[in-house]
4 protein chains.
Amino acid sequence: MIVVLDSGCSLKQKASVVRFIERRGGRLLVSEIGEETHIGLIGTEAQSLAGEIESMPGVAELRAIAAPYPQVSRDHHPENSEVRVGDVRIGGTEVVVMAGPCAVEDEDQLAAVGEVVARFGARMLRGGAFKPRSSPYSFQGLGEEGLVLLAEVREQTGLPVVTEVVAPEDVDVVGKYADMLQIGARNMQNFRLLSEVGAQSRPVLLKRGISSTVEELLLAAEYVVSAGNPQVVLCERGIRTFETTTRNTLDISAVPVLKRKTHLPVIVDPSHAAGERSLVPHLAGAAAAAGADGIIVEVHNNPESALSDGKQSLTLDGFETMMVQLRRIATAVDRHIETRQTYKPIDLARTLPTWEGSVGTNAIKGRKQACNIAAEHA
Amino acid sequence: MIVVLDSGCSLKQKASVVRFIERRGGRLLVSEIGEETHIGLIGTEAQSLAGEIESMPGVAELRAIAAPYPQVSRDHHPENSEVRVGDVRIGGTEVVVMAGPCAVEDEDQLAAVGEVVARFGARMLRGGAFKPRSSPYSFQGLGEEGLVLLAEVREQTGLPVVTEVVAPEDVDVVGKYADMLQIGARNMQNFRLLSEVGAQSRPVLLKRGISSTVEELLLAAEYVVSAGNPQVVLCERGIRTFETTTRNTLDISAVPVLKRKTHLPVIVDPSHAAGERSLVPHLAGAAAAAGADGIIVEVHNNPESALSDGKQSLTLDGFETMMVQLRRIATAVDRHIETRQTYKPIDLARTLPTWEGSVGTNAIKGRKQACNIAAEHA
Amino acid sequence: MIVVLDSGCSLKQKASVVRFIERRGGRLLVSEIGEETHIGLIGTEAQSLAGEIESMPGVAELRAIAAPYPQVSRDHHPENSEVRVGDVRIGGTEVVVMAGPCAVEDEDQLAAVGEVVARFGARMLRGGAFKPRSSPYSFQGLGEEGLVLLAEVREQTGLPVVTEVVAPEDVDVVGKYADMLQIGARNMQNFRLLSEVGAQSRPVLLKRGISSTVEELLLAAEYVVSAGNPQVVLCERGIRTFETTTRNTLDISAVPVLKRKTHLPVIVDPSHAAGERSLVPHLAGAAAAAGADGIIVEVHNNPESALSDGKQSLTLDGFETMMVQLRRIATAVDRHIETRQTYKPIDLARTLPTWEGSVGTNAIKGRKQACNIAAEHA
Amino acid sequence: MIVVLDSGCSLKQKASVVRFIERRGGRLLVSEIGEETHIGLIGTEAQSLAGEIESMPGVAELRAIAAPYPQVSRDHHPENSEVRVGDVRIGGTEVVVMAGPCAVEDEDQLAAVGEVVARFGARMLRGGAFKPRSSPYSFQGLGEEGLVLLAEVREQTGLPVVTEVVAPEDVDVVGKYADMLQIGARNMQNFRLLSEVGAQSRPVLLKRGISSTVEELLLAAEYVVSAGNPQVVLCERGIRTFETTTRNTLDISAVPVLKRKTHLPVIVDPSHAAGERSLVPHLAGAAAAAGADGIIVEVHNNPESALSDGKQSLTLDGFETMMVQLRRIATAVDRHIETRQTYKPIDLARTLPTWEGSVGTNAIKGRKQACNIAAEHA
């Protein structure tokens, strides 16, 4: 329910309305839409307050909320939102490229990939440390060791890190190292996890579930935002259909559809959609042309021996070639991809959180350096 | 990898092989298939032991495991498994009916429904206390209060309780009250949750994800079993397709397909598949005819005012009518549905776990009794 | 638009209304629904007549037609329709079994299959002479030679024949031999073909398209009926979904959904849905339990060497076993499958149409007999 | 089966092999792949000739054909094929835009749309005269009258015409007026129709069925090509999935997938995929970025009153805006869209076929002119 205030409503009247709603346990959201001031009431109990609110001084009228996801809807927030991750702004004029291996495997792999993707225009580093796998017998990721490596390569390249979190109890540890938390497709309706990442302060990359509708994706984003965290980026990554020549079917239309329905940024993951590297540059270009605010791609220095998703990972050369094309397409739609000539690491003190624990005893190569890095910020 | 022992292998030789594998950290599974004794080695490290095992006395040969879900596969476990919940056996000759409201709303509702479904042949009581909902603003269930009510109505009716658990951290509290833990469709690939219910001792009802393949369902079951809990019942509940006249498309073929691939029991949820009560009896009958080991249906004493899923809930009368028909179909396929004349509560001491905490301070009607019940078993 | 006549409307007034509509070129449909007399006006021009009709004597009111398929809808035709094929009634109390090979291959095959399926309870013979095949290089059927063989085996077994017609120009020749014309799934929206079979007098078996909605199936049936042929039987045969363990996903819910929406009979094809013979009996049983008026199954005397669909064809033994079970399930839902002890051919003069041409010059085995049979009825 | 000739094979030896195959009734396809000469044998009987062919002089080896669609596969035809329609080349460096109304409604509409789309860069005129409609009561198109109008507007604009043919018996009449015959999505597996358009000489636009796989689309194209017509353009137009916010789900990945598998040109229909005009420019841009050889879009001078598909038709202004953007994207991927400053009609004598009949008696506006045009070429 939307309470529209009278144009002559005094600040005192406004405060009374707000206080009344809060006292009755209502959750609210105040916004200025053009000339009008709106107070959004969320939740099933809103209707019961309608009678009393309607008769309060300063209230012009009550309206129904059209979208069931009022906070992420563009209805009451017409401008695009920008989500900042370190010095990167997602949702602005740049087409932001996030790149890195599917799974973090070891320091050499990650450093090699990170260095090259940074050189050719990636603005963020991706890599999985906690991997959700269909089979209990598949490689499940390096866990915290992988997070340490990611933080280390961030130091070397200056690229902020996005990585997946798979369970509510891991949110703290992932948040210690990562700059942005990814909710994977399989967890898009893990509502407890959504609430958990909504209750912390890192920006969130929310991937669409493999068979989730656009509406369900927006409702999932509403879980995060309604829990207190407005920094959500949506990601289309392919849906499950009858067609099997690609791993999933990239729903490219979801990009303009989402951009109309929500003010949140929207990016595309062509790697998981395609499942096959030769298709990735074509889908990345299509995403930029369709209006995506960014793409996230898998890149590996040696895809044939990757522990997961090697078939769909770009080679280092392939990434470079794709970026040349992608830049031209971005320009054609009045966007841009920045070319950085030097790789001065950004000041991580601003983004790396306090880190005060040990990371277990089975140390792996590169671990020590990573601990030192983290310790500097402790 | 399967180690096939020689037909003349001595018990001592067999013990040596088992000990060798265990010392090297391998996980194993011994089964007798016809005349042969098989030792299944699970996990990625199995291959590294192959050379040494092959040359041990008593070993006939090594074979690859065909199915990626060795413990739930019928390959190495040809007989049907029965899962016991209280005095109910799922996977035997009975077609087990589980019934109750979608969400537990209050004591009167649950008692009314429980009493009637027990009278007409339900063998277990279902009801949601923790509800996963697409919107953050929908009714999310009564939580532990709902669990208390379920335990109470179990006392009244003698029906063991199955209820959903939505997050790893809730497994303990749900396990205190419920006889069987349900993993809902949205959480079928919440691998942390699967491992958690695999590490406790209550039987598990695992629902198929809305767009999960049969293979992914079996892999999810393997997560539970490989974590230590072999008592898993699978549930087909409709998949997402292009057809929208029903809420989901019941994949009735999944029943015979699953029965061939796995030794675990398979049941069907016609309510969520149909989304419309008038279809439920037809789909329940189809399930029994196709070989399902049971069905789980939503029943409400006043569907029009239900807090969730009212449209698809059977009325009390509708449940009675359905059961008459279902019994005849069960008989036609050489199964049966027991008619109990009296409702002597079973001895819950056998099934209700130790319970030693309080359930919070905002008590609701019926709460006190339930606490007492639980306290008796503390 | 529905014109509801006043309860005191005279026959003369009724005739005036009907004449007025016909003079204006409107197509209409008169039915008695309970106490009320309804005149249905079909087509886009109906609305333009509303004003004049409303003021005619004897007219009580005008109502919008809810369903876009007025003639097949149950709204204005509440009772079940029966479709007769020879002495077989589809849509009555019997569960009608149609059986035979996917493709007619030669006389021996068809005779062997026909004789056995008749003995165990099939009431109609199926078999493809014109085969729609995805590849231009696959076996396309025997064409008219196949039709001749079908007519011959009808003589031997007394079973009426249903066979597919794939193009408008073949309707005449198929109608010469067959008792019922099948429109296959790929042609469900071949509207020219639908109109053509609607303009002749053989009953039609209309299969649901692989990705057609229930609504589209009913609209396709409306094409046939609105062209003049009310004898349509609908057939659910599996839809295309993401699941690939079965050839298609049998949408078992479509059976009760269709039975509520239309008065036409509904049958199920478990063979094409499953794509694998071991599943067929389970799905056939499910169909009967869900309320289907019949099933159509593929049976082959030597499935391993079948020219098409061998994998999903039942063996002769498999058919016998299935029928034992199916009979019991039919009884459980108050239907029946007749057991005929003797196979006295029915009098085909009643069902075989005039046949006056030759069938070409490249005769195959069994051709001559067939010609004679046909000639008798010329 | 592929017969690979020896590099030293003489022309006489080659001729012997070809003659041998032809005498035995085999269908063949000779191509030069790099240094090698391949003779492709198509059809089921190929295998039986293998023994004899293998021992013929000049034959190096026999290979299996990988793709079941040998003539449209890129395997034996590595270069892109160009399909010419009048002076337009599809499959070359240009991104060819085809535009016009969904259905031809009257002369004013068609002329207005044709004039504008030509001015802003469309190279072909689309418009439906025979419309396949789900309901028998929907507008079914103007039929031949519509074809006449299309031919007339071709005269005015110089744009070659593409229009749909829905039944084998209409191929002749459509071919009299149209420059390219479209097979619509619903008829992609109407094999008789495919053979018919394969047996005439107009180029064919083959749309992917709503639930057809890429493989099935290629097999459908093989039907046309194997019947003798190599001029086939494929069109991705959205597939049916669970997502309903768009009319269909544009399978953008199908563009690069098809381009790898076949040498035929591939275009995209963003209008039917989106079902909503505001999405069309985004999808058109995505198509060009993904490598499509063209797009086909619906444009209407007054979409609100269109007889079909108004919701998804671009306005004239919308078309102009889209073209500005599309040109820039085409350039970014090294393609182009030609800007024609003047609209000199091309010499239709080259493309309009002989036309010698009348078009019936219920003349509509514009009809006479069209007859004259046609008559000139008679």
# chains A, B, ... in the order shown; residues from 1 in each chain; ligands from 1
$ residues_around --residues "Lys311 (chain C)" --least-positions-apart "3" --cutoff "8 Å" --atoms "only C-alpha atoms" --output "ChimeraX atom specification"
/C:275-277,303-304
$ residues_around --residues "Thr244 (chain B)" --least-positions-apart "2" --cutoff "10 Å" --atoms "only C-alpha atoms" --output "ChimeraX atom specification"
/B:240-242,246-249 /C:213-215 /D:242,244
$ write_last_selection --atoms "N, CA and C atoms" --output "PDB file, in the first residue's frame"
ATOM      1  N   ARG B 240       8.521 -27.726 -13.846  1.00  0.00           N
ATOM      2  CA  ARG B 240       8.119 -26.494 -14.521  1.00  0.00           C
ATOM      3  C   ARG B 240       8.252 -26.683 -16.031  1.00  0.00           C
ATOM      4  N   THR B 241       7.165 -26.451 -16.741  1.00  0.00           N
ATOM      5  CA  THR B 241       7.175 -26.582 -18.189  1.00  0.00           C
ATOM      6  C   THR B 241       6.449 -25.372 -18.776  1.00  0.00           C
ATOM      7  N   PHE B 242       6.233 -25.404 -20.077  1.00  0.00           N
ATOM      8  CA  PHE B 242       5.515 -24.304 -20.717  1.00  0.00           C
ATOM      9  C   PHE B 242       4.017 -24.323 -20.387  1.00  0.00           C
ATOM     10  N   THR B 246      -1.950 -26.149 -15.295  1.00  0.00           N
ATOM     11  CA  THR B 246      -1.702 -26.682 -13.958  1.00  0.00           C
ATOM     12  C   THR B 246      -0.512 -25.930 -13.364  1.00  0.00           C
ATOM     13  N   ARG B 247      -0.421 -25.925 -12.055  1.00  0.00           N
ATOM     14  CA  ARG B 247       0.660 -25.167 -11.396  1.00  0.00           C
ATOM     15  C   ARG B 247       2.024 -25.666 -11.839  1.00  0.00           C
ATOM     16  N   ASN B 248       2.163 -26.983 -11.879  1.00  0.00           N
ATOM     17  CA  ASN B 248       3.357 -27.624 -12.408  1.00  0.00           C
ATOM     18  C   ASN B 248       2.883 -28.796 -13.244  1.00  0.00           C
ATOM     19  N   THR B 249       3.803 -29.452 -13.923  1.00  0.00           N
ATOM     20  CA  THR B 249       3.435 -30.619 -14.720  1.00  0.00           C
ATOM     21  C   THR B 249       3.913 -31.859 -13.972  1.00  0.00           C
TER      22      THR B 249
ATOM     23  N   THR C 213      -0.158 -26.142 -25.749  1.00  0.00           N
ATOM     24  CA  THR C 213      -0.900 -26.080 -24.497  1.00  0.00           C
ATOM     25  C   THR C 213      -2.226 -26.802 -24.665  1.00  0.00           C
ATOM     26  N   VAL C 214      -2.850 -27.081 -23.545  1.00  0.00           N
ATOM     27  CA  VAL C 214      -4.182 -27.673 -23.547  1.00  0.00           C
ATOM     28  C   VAL C 214      -5.146 -26.779 -24.326  1.00  0.00           C
ATOM     29  N   GLU C 215      -5.007 -25.473 -24.147  1.00  0.00           N
ATOM     30  CA  GLU C 215      -5.878 -24.523 -24.848  1.00  0.00           C
ATOM     31  C   GLU C 215      -5.686 -24.619 -26.366  1.00  0.00           C
TER      32      GLU C 215
ATOM     33  N   PHE D 242       9.315 -21.999 -19.898  1.00  0.00           N
ATOM     34  CA  PHE D 242       8.440 -21.711 -18.758  1.00  0.00           C
ATOM     35  C   PHE D 242       8.246 -20.207 -18.551  1.00  0.00           C
ATOM     36  N   THR D 244       7.133 -16.517 -18.996  1.00  0.00           N
ATOM     37  CA  THR D 244       5.990 -15.942 -19.702  1.00  0.00           C
ATOM     38  C   THR D 244       6.005 -14.414 -19.760  1.00  0.00           C
TER      39      THR D 244
END
$ interface_residues --of "chain A" --to "chain B" --cutoff "6 Å" --atoms "only C-alpha atoms" --output "mmCIF file with C-alpha atoms, in the first residue's frame"
data_model
loop_
_atom_site.group_PDB
_atom_site.id
_atom_site.type_symbol
_atom_site.label_atom_id
_atom_site.label_comp_id
_atom_site.auth_asym_id
_atom_site.auth_seq_id
_atom_site.Cartn_x
_atom_site.Cartn_y
_atom_site.Cartn_z
ATOM 1 C CA GLY A 43 3.681 -6.608 4.492
ATOM 2 C CA SER A 135 27.513 -34.663 -6.991
ATOM 3 C CA PRO A 136 28.867 -35.117 -3.460
ATOM 4 C CA TYR A 137 31.947 -36.667 -5.027
ATOM 5 C CA SER A 211 14.189 -22.233 -13.889
ATOM 6 C CA LEU A 219 11.248 -11.253 -5.432
ATOM 7 C CA TYR A 223 14.459 -10.479 0.118
#
$ atom_distance --atom1 "CA of Gln71 (chain B)" --atom2 "CA of Pro203 (chain B)"
15.9 Å
$ residues_around --residues "Glu320 (chain A)" --least-positions-apart "3" --cutoff "9 Å" --atoms "only C-alpha atoms" --output "PDB file with C-alpha atoms, in the first residue's frame"
ATOM      1  CA  VAL A 116      45.866 -11.096 -18.017  1.00  0.00           C
ATOM      2  CA  VAL A 117      42.199 -10.254 -17.528  1.00  0.00           C
ATOM      3  CA  ARG A 119      45.466  -6.087 -18.607  1.00  0.00           C
ATOM      4  CA  PHE A 120      42.712  -6.457 -21.196  1.00  0.00           C
ATOM      5  CA  GLY A 121      39.982  -4.631 -19.418  1.00  0.00           C
ATOM      6  CA  THR A 315      41.550 -19.103 -22.942  1.00  0.00           C
ATOM      7  CA  LEU A 316      43.670 -16.059 -22.157  1.00  0.00           C
ATOM      8  CA  ASP A 317      43.938 -15.314 -25.868  1.00  0.00           C
ATOM      9  CA  MET A 323      37.431  -7.688 -25.320  1.00  0.00           C
ATOM     10  CA  VAL A 324      38.411  -5.989 -28.573  1.00  0.00           C
TER      11      VAL A 324
END
$ atom_distance --atom1 "CA of Gly8 (chain B)" --atom2 "CA of Ser73 (chain B)"
26.8 Å
$ residues_around --residues "Ala289 (chain B)" --least-positions-apart "5" --cutoff "9 Å" --atoms "only C-alpha atoms" --output "list in words"
Ala284, Ile329, Ala330, Ala332 and Val333 of chain B; His282, Leu283, Ala284, Gly285, Ala286, Ala287, Ala288, Ala289 and Ile329 of chain C
$ residues_around --residues "Val96 (chain C)" --least-positions-apart "5" --cutoff "9 Å" --atoms "only C-alpha atoms" --output "list in words"
Val88, Arg89, Ile90, Gly91, Gly121, Ala122, Arg123, Met124, Ile267, Asp293, Gly294, Ile295, Ile296, His336, Ile337 and Glu338 of chain C
$ residues_around --residues "Ala15 (chain A)" --least-positions-apart "4" --cutoff "12 Å" --atoms "only C-alpha atoms" --output "list in words"
Leu5, Cys9, Ser10, Leu11, Arg19, Phe20, Ile21, Glu22, Val30, Ile39, Met56, Pro57, Gly58 and Val59 of chain A
$ atom_distance --atom1 "CA of Lys207 (chain D)" --atom2 "CA of Gln182 (chain D)"
7.5 Å
$ select_by_dssp --residues "region 177-207 of chain B" --states "strand (DSSP E)" --output "PyMOL selection string"
chain B and resi 180-183+204-207
$ select_by_dssp --residues "region 64-310 of chain C" --states "helix (DSSP H, G or I)" --output "PyMOL selection string"
chain C and resi 107-119+144-157+168-177+185-187+191-198+214-226+254-261+270-274+277-290+303-305+310
$ residues_around --residues "Gly141 (chain D)" --least-positions-apart "6" --cutoff "12 Å" --atoms "only C-alpha atoms" --output "ChimeraX atom specification"
/D:101-106,127-133,147,163-166,307-308
